[in-house]
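**Student:** Pasting coords_38.cif here (mmCIF, C-alpha atoms):
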data_coords
loop_
_atom_site.group_PDB
_atom_site.id
_atom_site.type_symbol
_atom_site.label_atom_id
_atom_site.label_comp_id
_atom_site.auth_asym_id
_atom_site.auth_seq_id
_atom_site.Cartn_x
_atom_site.Cartn_y
_atom_site.Cartn_z
ATOM 1 C CA MET A 1 95.299 143.072 126.641
ATOM 2 C CA ASP A 2 96.004 142.881 122.915
ATOM 3 C CA GLY A 3 99.449 141.472 123.685
ATOM 4 C CA GLY A 4 97.909 138.718 125.783
ATOM 5 C CA SER A 5 95.410 137.852 123.039
ATOM 6 C CA SER A 6 98.194 137.824 120.452
ATOM 7 C CA GLY A 7 100.312 135.565 122.659
ATOM 8 C CA GLY A 8 97.400 133.214 123.232
ATOM 9 C CA GLY A 9 96.693 133.037 119.507
ATOM 10 C CA GLU A 10 100.341 132.252 118.776
ATOM 11 C CA ASN A 11 100.350 129.474 121.365
ATOM 12 C CA LEU A 12 97.186 128.029 119.833
ATOM 13 C CA ARG A 13 98.770 128.026 116.371
ATOM 14 C CA ARG A 14 101.847 126.273 117.754
ATOM 15 C CA LEU A 15 99.670 123.602 119.318
ATOM 16 C CA GLN A 16 97.805 123.163 116.034
ATOM 17 C CA ARG A 17 101.080 122.783 114.115
ATOM 18 C CA LEU A 18 102.320 120.290 116.709
ATOM 19 C CA TRP A 19 99.083 118.298 116.419
ATOM 20 C CA VAL A 20 99.328 118.207 112.623
ATOM 21 C CA TRP A 21 102.981 117.118 112.882
ATOM 22 C CA LEU A 22 102.019 114.295 115.273
ATOM 23 C CA LEU A 23 99.179 113.142 112.997
ATOM 24 C CA GLU A 24 101.502 113.035 109.991
ATOM 25 C CA ARG A 25 103.920 110.839 111.966
ATOM 26 C CA LYS A 26 101.468 108.847 114.053
ATOM 27 C CA ILE A 27 103.092 105.480 113.294
ATOM 28 C CA GLN A 28 106.566 106.729 114.224
ATOM 29 C CA VAL A 29 105.266 108.437 117.381
ATOM 30 C CA GLY A 30 103.330 105.300 118.353
ATOM 31 C CA ALA A 31 106.445 103.173 117.841
ATOM 32 C CA VAL A 32 108.528 105.474 120.045
ATOM 33 C CA ILE A 33 105.898 105.322 122.811
ATOM 34 C CA PHE A 34 105.752 101.527 122.513
ATOM 35 C CA TRP A 35 109.524 101.090 122.850
ATOM 36 C CA VAL A 36 109.720 103.512 125.767
ATOM 37 C CA VAL A 37 107.055 101.467 127.575
ATOM 38 C CA VAL A 38 108.896 98.216 126.761
ATOM 39 C CA LEU A 39 112.212 99.563 128.038
ATOM 40 C CA VAL A 40 110.662 100.895 131.251
ATOM 41 C CA ALA A 41 108.804 97.608 131.820
ATOM 42 C CA ALA A 42 111.970 95.571 131.166
ATOM 43 C CA ARG A 43 113.959 97.752 133.545
ATOM 44 C CA GLN A 44 111.314 97.385 136.235
ATOM 45 C CA TYR A 45 111.190 93.603 135.740
ATOM 46 C CA MET A 46 114.977 93.346 136.010
ATOM 47 C CA THR A 47 114.995 95.426 139.195
ATOM 48 C CA THR A 48 112.144 93.499 140.810
ATOM 49 C CA ASN A 49 113.673 90.094 140.056
ATOM 50 C CA ASP A 50 117.301 91.175 140.540
ATOM 51 C CA LEU A 51 118.280 90.189 136.995
ATOM 52 C CA THR A 52 121.089 91.370 134.756
ATOM 53 C CA PHE A 53 120.500 92.072 131.076
ATOM 54 C CA VAL A 54 122.197 88.783 130.142
ATOM 55 C CA GLU A 55 119.951 86.860 132.561
ATOM 56 C CA LEU A 56 116.872 88.609 131.160
ATOM 57 C CA THR A 57 117.744 87.665 127.568
ATOM 58 C CA ASN A 58 118.462 84.071 128.586
ATOM 59 C CA GLU A 59 115.105 83.904 130.356
ATOM 60 C CA LEU A 60 113.359 85.236 127.251
ATOM 61 C CA ARG A 61 115.214 82.737 125.065
ATOM 62 C CA THR A 62 114.145 79.885 127.352
ATOM 63 C CA THR A 63 110.527 81.042 127.129
ATOM 64 C CA LEU A 64 110.651 81.088 123.327
ATOM 65 C CA THR A 65 112.228 77.631 123.031
ATOM 66 C CA ASP A 66 110.701 75.691 125.945
ATOM 67 C CA GLU A 67 107.159 77.039 126.258
ATOM 68 C CA TRP A 68 104.439 75.960 123.833
ATOM 69 C CA TYR A 69 103.453 79.578 123.274
ATOM 70 C CA GLY A 70 107.021 80.711 122.507
ATOM 71 C CA PRO A 71 106.631 80.581 118.700
ATOM 72 C CA LEU A 72 103.266 82.359 119.039
ATOM 73 C CA LEU A 73 104.961 85.224 120.891
ATOM 74 C CA TYR A 74 107.513 85.458 118.099
ATOM 75 C CA LEU A 75 104.733 85.446 115.507
ATOM 76 C CA ALA A 76 102.824 88.177 117.374
ATOM 77 C CA VAL A 77 105.883 90.453 117.470
ATOM 78 C CA TYR A 78 106.509 89.835 113.767
ATOM 79 C CA LEU A 79 102.868 90.539 112.865
ATOM 80 C CA PHE A 80 102.925 93.944 114.547
ATOM 81 C CA ARG A 81 106.452 94.711 113.354
ATOM 82 C CA PRO A 82 105.221 97.271 110.760
ATOM 83 C CA LEU A 83 103.625 99.305 113.565
ATOM 84 C CA ILE A 84 106.543 99.148 116.021
ATOM 85 C CA LEU A 85 109.187 99.672 113.308
ATOM 86 C CA PHE A 86 111.233 96.600 114.230
ATOM 87 C CA PRO A 87 113.608 95.480 111.429
ATOM 88 C CA ALA A 88 112.321 92.339 109.700
ATOM 89 C CA ALA A 89 115.845 91.113 108.908
ATOM 90 C CA LEU A 90 116.818 91.220 112.580
ATOM 91 C CA LEU A 91 113.756 89.203 113.605
ATOM 92 C CA THR A 92 114.495 86.628 110.907
ATOM 93 C CA ILE A 93 118.124 86.295 112.016
ATOM 94 C CA LEU A 94 116.848 85.906 115.577
ATOM 95 C CA ALA A 95 114.688 82.932 114.533
ATOM 96 C CA GLY A 96 117.757 81.099 113.229
ATOM 97 C CA ASN A 97 119.759 81.828 116.347
ATOM 98 C CA ILE A 98 116.984 80.637 118.692
ATOM 99 C CA TRP A 99 115.520 77.624 116.873
ATOM 100 C CA GLY A 100 118.280 76.623 114.480
ATOM 101 C CA LEU A 101 118.300 76.458 110.687
ATOM 102 C CA TRP A 102 115.273 74.375 109.757
ATOM 103 C CA LEU A 103 112.777 75.180 112.516
ATOM 104 C CA GLY A 104 113.927 78.798 112.419
ATOM 105 C CA PHE A 105 113.322 78.849 108.665
ATOM 106 C CA LEU A 106 109.794 77.517 109.140
ATOM 107 C CA TYR A 107 108.887 80.059 111.837
ATOM 108 C CA GLY A 108 110.635 82.892 110.022
ATOM 109 C CA LEU A 109 108.902 82.196 106.706
ATOM 110 C CA ILE A 110 105.448 81.926 108.300
ATOM 111 C CA ALA A 111 105.915 85.039 110.435
ATOM 112 C CA GLY A 112 107.567 87.101 107.700
ATOM 113 C CA THR A 113 104.872 86.307 105.148
ATOM 114 C CA ALA A 114 102.072 86.901 107.655
ATOM 115 C CA SER A 115 103.539 90.289 108.642
ATOM 116 C CA ALA A 116 102.974 91.514 105.079
ATOM 117 C CA VAL A 117 99.209 91.168 105.575
ATOM 118 C CA LEU A 118 98.812 94.165 107.922
ATOM 119 C CA PRO A 119 100.227 96.836 105.568
ATOM 120 C CA TYR A 120 98.375 95.172 102.660
ATOM 121 C CA VAL A 121 95.078 95.457 104.537
ATOM 122 C CA ILE A 122 95.836 99.065 105.503
ATOM 123 C CA GLY A 123 96.579 99.910 101.881
ATOM 124 C CA ARG A 124 93.508 98.118 100.537
ATOM 125 C CA TRP A 125 90.799 99.074 103.004
ATOM 126 C CA PHE A 126 91.908 102.026 105.104
ATOM 127 C CA ALA A 127 94.141 104.193 102.913
ATOM 128 C CA ASN A 128 93.512 106.402 99.919
ATOM 129 C CA GLU A 129 96.336 107.428 97.581
ATOM 130 C CA ASP A 130 97.200 110.474 99.709
ATOM 131 C CA VAL A 131 97.655 108.313 102.821
ATOM 132 C CA VAL A 132 99.800 105.835 100.896
ATOM 133 C CA ASP A 133 101.948 108.701 99.608
ATOM 134 C CA GLU A 134 102.469 109.880 103.188
ATOM 135 C CA GLN A 135 103.639 106.434 104.354
ATOM 136 C CA ILE A 136 105.969 105.809 101.387
ATOM 137 C CA SER A 137 109.033 108.021 101.109
ATOM 138 C CA ASP A 138 109.901 109.793 97.845
ATOM 139 C CA GLU A 139 112.835 107.426 97.315
ATOM 140 C CA GLU A 140 110.633 104.355 97.816
ATOM 141 C CA ALA A 141 107.954 105.812 95.523
ATOM 142 C CA THR A 142 110.539 106.328 92.767
ATOM 143 C CA ILE A 143 111.723 102.727 93.071
ATOM 144 C CA LEU A 144 108.217 101.269 93.126
ATOM 145 C CA GLN A 145 106.798 103.457 90.362
ATOM 146 C CA ARG A 146 108.272 101.389 87.547
ATOM 147 C CA PHE A 147 106.496 98.291 88.857
ATOM 148 C CA THR A 148 103.018 99.856 88.931
ATOM 149 C CA GLY A 149 102.237 98.961 85.313
ATOM 150 C CA LEU A 150 103.484 95.403 85.762
ATOM 151 C CA LEU A 151 101.390 95.059 88.933
ATOM 152 C CA ARG A 152 98.274 95.768 86.887
ATOM 153 C CA ARG A 153 99.267 93.450 84.010
ATOM 154 C CA ASN A 154 100.912 90.569 85.867
ATOM 155 C CA PRO A 155 100.547 91.064 89.640
ATOM 156 C CA PHE A 156 102.036 87.688 90.655
ATOM 157 C CA GLN A 157 105.252 88.242 88.700
ATOM 158 C CA ALA A 158 105.500 91.854 89.889
ATOM 159 C CA VAL A 159 105.137 91.011 93.588
ATOM 160 C CA LEU A 160 107.510 88.055 93.263
ATOM 161 C CA THR A 161 110.123 90.206 91.517
ATOM 162 C CA MET A 162 109.848 92.983 94.088
ATOM 163 C CA ARG A 163 110.287 90.492 96.926
ATOM 164 C CA LEU A 164 113.311 88.923 95.234
ATOM 165 C CA LEU A 165 114.810 92.392 94.738
ATOM 166 C CA TYR A 166 114.413 93.110 98.469
ATOM 167 C CA LEU A 167 112.498 96.311 97.790
ATOM 168 C CA PRO A 168 111.091 98.084 100.891
ATOM 169 C CA TYR A 169 108.968 95.316 102.389
ATOM 170 C CA ASP A 170 106.076 97.243 103.932
ATOM 171 C CA ALA A 171 105.995 99.830 101.144
ATOM 172 C CA VAL A 172 105.450 97.039 98.595
ATOM 173 C CA SER A 173 102.615 95.564 100.669
ATOM 174 C CA LEU A 174 100.998 98.978 101.106
ATOM 175 C CA LEU A 175 101.182 99.737 97.373
ATOM 176 C CA VAL A 176 99.854 96.325 96.324
ATOM 177 C CA GLY A 177 96.925 96.638 98.712
ATOM 178 C CA ASN A 178 96.145 100.141 97.479
ATOM 179 C CA LEU A 179 96.060 98.875 93.870
ATOM 180 C CA ARG A 180 93.443 96.280 94.945
ATOM 181 C CA ILE A 181 95.564 93.339 93.825
ATOM 182 C CA SER A 182 94.047 89.946 94.746
ATOM 183 C CA PHE A 183 95.035 88.944 98.276
ATOM 184 C CA LEU A 184 95.718 85.314 97.294
ATOM 185 C CA THR A 185 98.000 86.413 94.458
ATOM 186 C CA PHE A 186 99.813 88.821 96.770
ATOM 187 C CA PHE A 187 100.175 86.297 99.594
ATOM 188 C CA LEU A 188 101.436 83.421 97.431
ATOM 189 C CA ALA A 189 103.918 85.616 95.562
ATOM 190 C CA THR A 190 105.170 87.057 98.860
ATOM 191 C CA ALA A 191 105.608 83.593 100.392
ATOM 192 C CA LEU A 192 107.503 82.330 97.342
ATOM 193 C CA GLY A 193 109.627 85.460 97.133
ATOM 194 C CA ASN A 194 110.483 85.265 100.829
ATOM 195 C CA ILE A 195 111.979 81.763 100.684
ATOM 196 C CA GLY A 196 115.485 82.711 99.563
ATOM 197 C CA GLY A 197 115.859 85.748 101.805
ATOM 198 C CA THR A 198 114.374 83.994 104.825
ATOM 199 C CA PHE A 199 116.679 81.008 104.460
ATOM 200 C CA SER A 200 119.699 83.274 104.103
ATOM 201 C CA PHE A 201 118.982 85.437 107.149
ATOM 202 C CA VAL A 202 117.922 82.460 109.274
ATOM 203 C CA GLY A 203 121.174 80.755 108.252
ATOM 204 C CA ILE A 204 123.166 83.780 109.403
ATOM 205 C CA GLY A 205 121.455 83.569 112.787
ATOM 206 C CA ALA A 206 121.938 79.809 112.989
ATOM 207 C CA SER A 207 125.650 80.198 112.230
ATOM 208 C CA VAL A 208 126.102 82.258 115.410
ATOM 209 C CA GLU A 209 126.754 79.889 118.286
ATOM 210 C CA GLY A 210 127.104 80.791 121.944
ATOM 211 C CA ASP A 211 125.637 83.543 124.112
ATOM 212 C CA ILE A 212 125.155 86.730 122.086
ATOM 213 C CA ALA A 213 124.093 88.820 125.089
ATOM 214 C CA SER A 214 127.332 88.080 126.941
ATOM 215 C CA GLY A 215 129.461 88.438 123.816
ATOM 216 C CA GLN A 216 130.750 84.854 123.971
ATOM 217 C CA VAL A 217 130.013 83.782 120.406
ATOM 218 C CA GLU A 218 131.612 81.891 117.557
ATOM 219 C CA PHE A 219 130.536 81.261 113.978
ATOM 220 C CA ASN A 220 129.791 78.051 112.145
ATOM 221 C CA PRO A 221 131.569 78.783 108.844
ATOM 222 C CA GLU A 222 129.772 76.095 106.814
ATOM 223 C CA VAL A 223 126.293 77.377 107.663
ATOM 224 C CA LEU A 224 127.361 81.011 107.204
ATOM 225 C CA ILE A 225 128.938 80.414 103.782
ATOM 226 C CA PHE A 226 125.937 78.414 102.594
ATOM 227 C CA SER A 227 123.584 81.206 103.716
ATOM 228 C CA VAL A 228 125.602 83.854 101.901
ATOM 229 C CA VAL A 229 125.620 81.728 98.717
ATOM 230 C CA VAL A 230 121.815 81.401 98.851
ATOM 231 C CA LEU A 231 121.487 85.153 99.416
ATOM 232 C CA VAL A 232 123.711 85.993 96.447
ATOM 233 C CA ALA A 233 121.950 83.421 94.230
ATOM 234 C CA SER A 234 118.507 84.821 95.056
ATOM 235 C CA PHE A 235 119.743 88.335 94.317
ATOM 236 C CA LEU A 236 121.194 87.277 90.956
ATOM 237 C CA ILE A 237 117.912 85.591 90.044
ATOM 238 C CA SER A 238 116.020 88.747 90.956
ATOM 239 C CA ARG A 239 118.322 90.865 88.794
ATOM 240 C CA TYR A 240 117.768 88.490 85.882
ATOM 241 C CA LEU A 241 113.994 88.711 86.259
ATOM 242 C CA SER A 242 114.137 92.486 86.593
ATOM 243 C CA ASN A 243 116.286 92.892 83.459
ATOM 244 C CA ARG A 244 114.060 90.537 81.495
ATOM 245 C CA GLN A 245 110.987 92.506 82.548
ATOM 246 C CA ARG A 246 112.676 95.790 81.615
ATOM 247 C CA LEU A 247 113.430 94.427 78.138
ATOM 248 C CA ALA A 248 109.854 93.188 77.783
ATOM 249 C CA ASP A 249 108.476 96.608 78.782
ATOM 250 C CA GLU A 250 110.784 98.347 76.324
ATOM 251 C CA SER A 251 109.763 95.942 73.561
ATOM 252 C CA ALA A 252 106.080 96.522 74.319
ATOM 253 C CA ARG A 253 106.582 100.298 74.273
ATOM 254 C CA LEU A 254 108.367 100.162 70.916
ATOM 255 C CA GLN A 255 105.603 97.935 69.523
ATOM 256 C CA VAL A 256 102.947 100.429 70.618
ATOM 257 C CA GLU A 257 104.851 103.284 68.997
ATOM 258 C CA GLU A 258 105.234 101.252 65.803
ATOM 259 C CA ASP A 259 101.510 100.458 65.769
ATOM 260 C CA MET A 260 100.676 104.124 66.265
ATOM 261 C CA ARG A 261 102.915 105.149 63.365
ATOM 262 C CA SER A 262 101.402 102.434 61.162
ATOM 263 C CA SER A 263 97.863 103.571 61.931
ATOM 264 C CA VAL A 264 98.738 107.147 60.989
#
Show this structure as structure tokens.

**Tutor:**
Amino acid sequence: MDGGSSGGGENLRRLQRLWVWLLERKIQVGAVIFWVVVLVAARQYMTTNDLTFVELTNELRTTLTDEWYGPLLYLAVYLFRPLILFPAALLTILAGNIWGLWLGFLYGLIAGTASAVLPYVIGRWFANEDVVDEQISDEEATILQRFTGLLRRNPFQAVLTMRLLYLPYDAVSLLVGNLRISFLTFFLATALGNIGGTFSFVGIGASVEGDIASGQVEFNPEVLIFSVVVLVASFLISRYLSNRQRLADESARLQVEEDMRSSV
């Protein structure tokens, strides 16, 4: 009897630990469930309509380019990207491959900037510091920590610099929201900081010509080289801004120490 009670108690503790583990990783678990459902639904659709994977991707591409709601579907996927853990860079490259350089850049910039709103809102209205710490890894926290002071002093420059440095996209949005930075400042700085990266990744997608799903592709070297040049230029600019800010912070710190010594 005691053995049965002990076994039941152990099982209960295991269930409690499992529940806590699931709660701590609810976004990851939700993303896994979402992608399993998508894969099962896609497989069922292919079987019902007797389609191959290549035919399915071509049908999806036609929907995105020919239907009026195609760009809205792309925007919807991009908006919920933080919750389904879909790489932003891959979606941006996809925009260039589907719509070409200029229209792809427009859709990619709008969607990429808009997707930053969700983690910002979560950080601002629904998360305390403990929740933010759970969602940001230790490595990301270490990287972002040195920008916290600048975010309070000059939020526009801080957000712009972090976007130009390609710091973890959603982690930046979550932190900025948690610090209660003005939404307009955050949104404008994000949009401006996204221009270089968006153009570069869209250009990479636009340089790929042919049918990716079937493997029959070739590259447009002019578009690809131009995209890489823009990417490198934006990175060099970001490094310049980061170094300048580091020197300014060091100068301010030395000035404070000098003032403290003078007052003593």

**Student:** Using all atoms listed in the file, which protein or nucleic acid residues come within 9 Å of Gly112 (chain A)? Drop anything in the same chain fewer than 4 positions from it, and give the result as a PyMOL selection string.

**Tutor:** chain A and resi 75+78-79+88+91-92+107-108+116+191+194+198

**Student:** Using all atoms listed in the file, which protein or nucleic acid residues come within 9 Å of Phe235 (chain A)? Drop anything in the same chain fewer than 5 positions from it, and give the result as a list in words.

**Tutor:**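 Counting only the stated atoms, we get Leu164, Leu165, Tyr166, Gly196, Gly197, Val230 and Tyr240 of chain A.
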
**Student:** Generate a file of the selected residues that holds C-alpha atoms, formatted as an mmCIF file, in the frame of the given file.

**Tutor:**
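result_18.cif, freshly written:
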data_model
loop_
_atom_site.group_PDB
_atom_site.id
_atom_site.type_symbol
_atom_site.label_atom_id
_atom_site.label_comp_id
_atom_site.auth_asym_id
_atom_site.auth_seq_id
_atom_site.Cartn_x
_atom_site.Cartn_y
_atom_site.Cartn_z
ATOM 1 C CA LEU A 164 113.311 88.923 95.234
ATOM 2 C CA LEU A 165 114.810 92.392 94.738
ATOM 3 C CA TYR A 166 114.413 93.110 98.469
ATOM 4 C CA GLY A 196 115.485 82.711 99.563
ATOM 5 C CA GLY A 197 115.859 85.748 101.805
ATOM 6 C CA VAL A 230 121.815 81.401 98.851
ATOM 7 C CA TYR A 240 117.768 88.490 85.882
#

**Student:** For the structure provided, state which residues fall under the PyMOL selection byres ((chain A and resi 177-184) around 6), and present them as an MDAnalysis selection string.

**Tutor:** chainID A and resid 120 123:124 174:176 185:187

**Student:** Can you work out the spacing between CA of Ala114 (chain A) and CA of Gly70 (chain A) in Å, to one decimal?

**Tutor:** 16.8 Å

**Student:** Can you measure CA of Val223 (chain A) to CA of Leu90 (chain A) for me? One decimal in Å is fine.

**Tutor:**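 Those two atoms sit 17.5 Å apart.
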
**Student:** Which of these, A:Thr161, A:Asn97, A:Asn58, A:Thr48, has the shortest distance to Leu241 (chain A) once you count only C-alpha atoms?

**Tutor:** A:Thr161

**Student:** Please indicate the distance in Å from CA of Ser173 (chain A) to CA of Val77 (chain A), rounded to one decimal place.

**Tutor:** 17.9 Å

**Student:** I want to know what sits within 8 Å of Leu118 (chain A), based on only C-alpha atoms, with residues of the same chain fewer than 3 positions away left out; could you give that as a list of chain:residue names?

**Tutor:**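 My list of contacting residues is A:Leu79, A:Phe80, A:Pro82, A:Ala114, A:Ser115, A:Val121, A:Ile122.
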
**Student:** Hey, can I get the axis-aligned box for region 150-168 of chain A? All listed atoms, 5 Å padding on each side, centre and edge lengths in Å to one decimal, as AutoDock Vina command-line options.

**Tutor:**
--center_x 106.5 --center_y 92.9 --center_z 92.5 --size_x 26.5 --size_y 20.4 --size_z 26.9

**Student:** Counting all atoms listed in the file, figure out which residue out of A:Ile84, A:Met162, A:Val217, A:Val172 gets nearest to Gly205 (chain A).

**Tutor:**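 Under the stated criterion, the closest residue is A:Val217.
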
**Student:** Find the residue from A:Glu59, A:Asp170, A:Asp50, A:Glu10 that sits nearest to Leu85 (chain A); use all atoms listed in the file when measuring.

**Tutor:** A:Asp170

**Student:** Choose the residue, out of A:Leu231, A:Val159, A:Ile204, A:Leu56, that has the smallest atom-to-atom separation from Glu218 (chain A); count all atoms listed in the file.

**Tutor:**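 For Glu218 (chain A), the nearest of the given residues is A:Ile204.
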
**Student:** Using only C-alpha atoms, give me every residue within 10 Å of (112.1, 81.0, 110.9) in file coordinates, as a PDB file with C-alpha atoms, keeping the file's coordinate frame.

**Tutor:**
ATOM      1  CA  PRO A  71     106.631  80.581 118.700  1.00  0.00           C
ATOM      2  CA  TYR A  74     107.513  85.458 118.099  1.00  0.00           C
ATOM      3  CA  LEU A  75     104.733  85.446 115.507  1.00  0.00           C
ATOM      4  CA  LEU A  91     113.756  89.203 113.605  1.00  0.00           C
ATOM      5  CA  THR A  92     114.495  86.628 110.907  1.00  0.00           C
ATOM      6  CA  ILE A  93     118.124  86.295 112.016  1.00  0.00           C
ATOM      7  CA  LEU A  94     116.848  85.906 115.577  1.00  0.00           C
ATOM      8  CA  ALA A  95     114.688  82.932 114.533  1.00  0.00           C
ATOM      9  CA  GLY A  96     117.757  81.099 113.229  1.00  0.00           C
ATOM     10  CA  ASN A  97     119.759  81.828 116.347  1.00  0.00           C
ATOM     11  CA  ILE A  98     116.984  80.637 118.692  1.00  0.00           C
ATOM     12  CA  TRP A  99     115.520  77.624 116.873  1.00  0.00           C
ATOM     13  CA  GLY A 100     118.280  76.623 114.480  1.00  0.00           C
ATOM     14  CA  LEU A 101     118.300  76.458 110.687  1.00  0.00           C
ATOM     15  CA  TRP A 102     115.273  74.375 109.757  1.00  0.00           C
ATOM     16  CA  LEU A 103     112.777  75.180 112.516  1.00  0.00           C
ATOM     17  CA  GLY A 104     113.927  78.798 112.419  1.00  0.00           C
ATOM     18  CA  PHE A 105     113.322  78.849 108.665  1.00  0.00           C
ATOM     19  CA  LEU A 106     109.794  77.517 109.140  1.00  0.00           C
ATOM     20  CA  TYR A 107     108.887  80.059 111.837  1.00  0.00           C
ATOM     21  CA  GLY A 108     110.635  82.892 110.022  1.00  0.00           C
ATOM     22  CA  LEU A 109     108.902  82.196 106.706  1.00  0.00           C
ATOM     23  CA  ILE A 110     105.448  81.926 108.300  1.00  0.00           C
ATOM     24  CA  ALA A 111     105.915  85.039 110.435  1.00  0.00           C
ATOM     25  CA  GLY A 112     107.567  87.101 107.700  1.00  0.00           C
ATOM     26  CA  THR A 198     114.374  83.994 104.825  1.00  0.00           C
ATOM     27  CA  PHE A 199     116.679  81.008 104.460  1.00  0.00           C
ATOM     28  CA  PHE A 201     118.982  85.437 107.149  1.00  0.00           C
ATOM     29  CA  VAL A 202     117.922  82.460 109.274  1.00  0.00           C
ATOM     30  CA  GLY A 203     121.174  80.755 108.252  1.00  0.00           C
ATOM     31  CA  GLY A 205     121.455  83.569 112.787  1.00  0.00           C
TER      32      GLY A 205
END
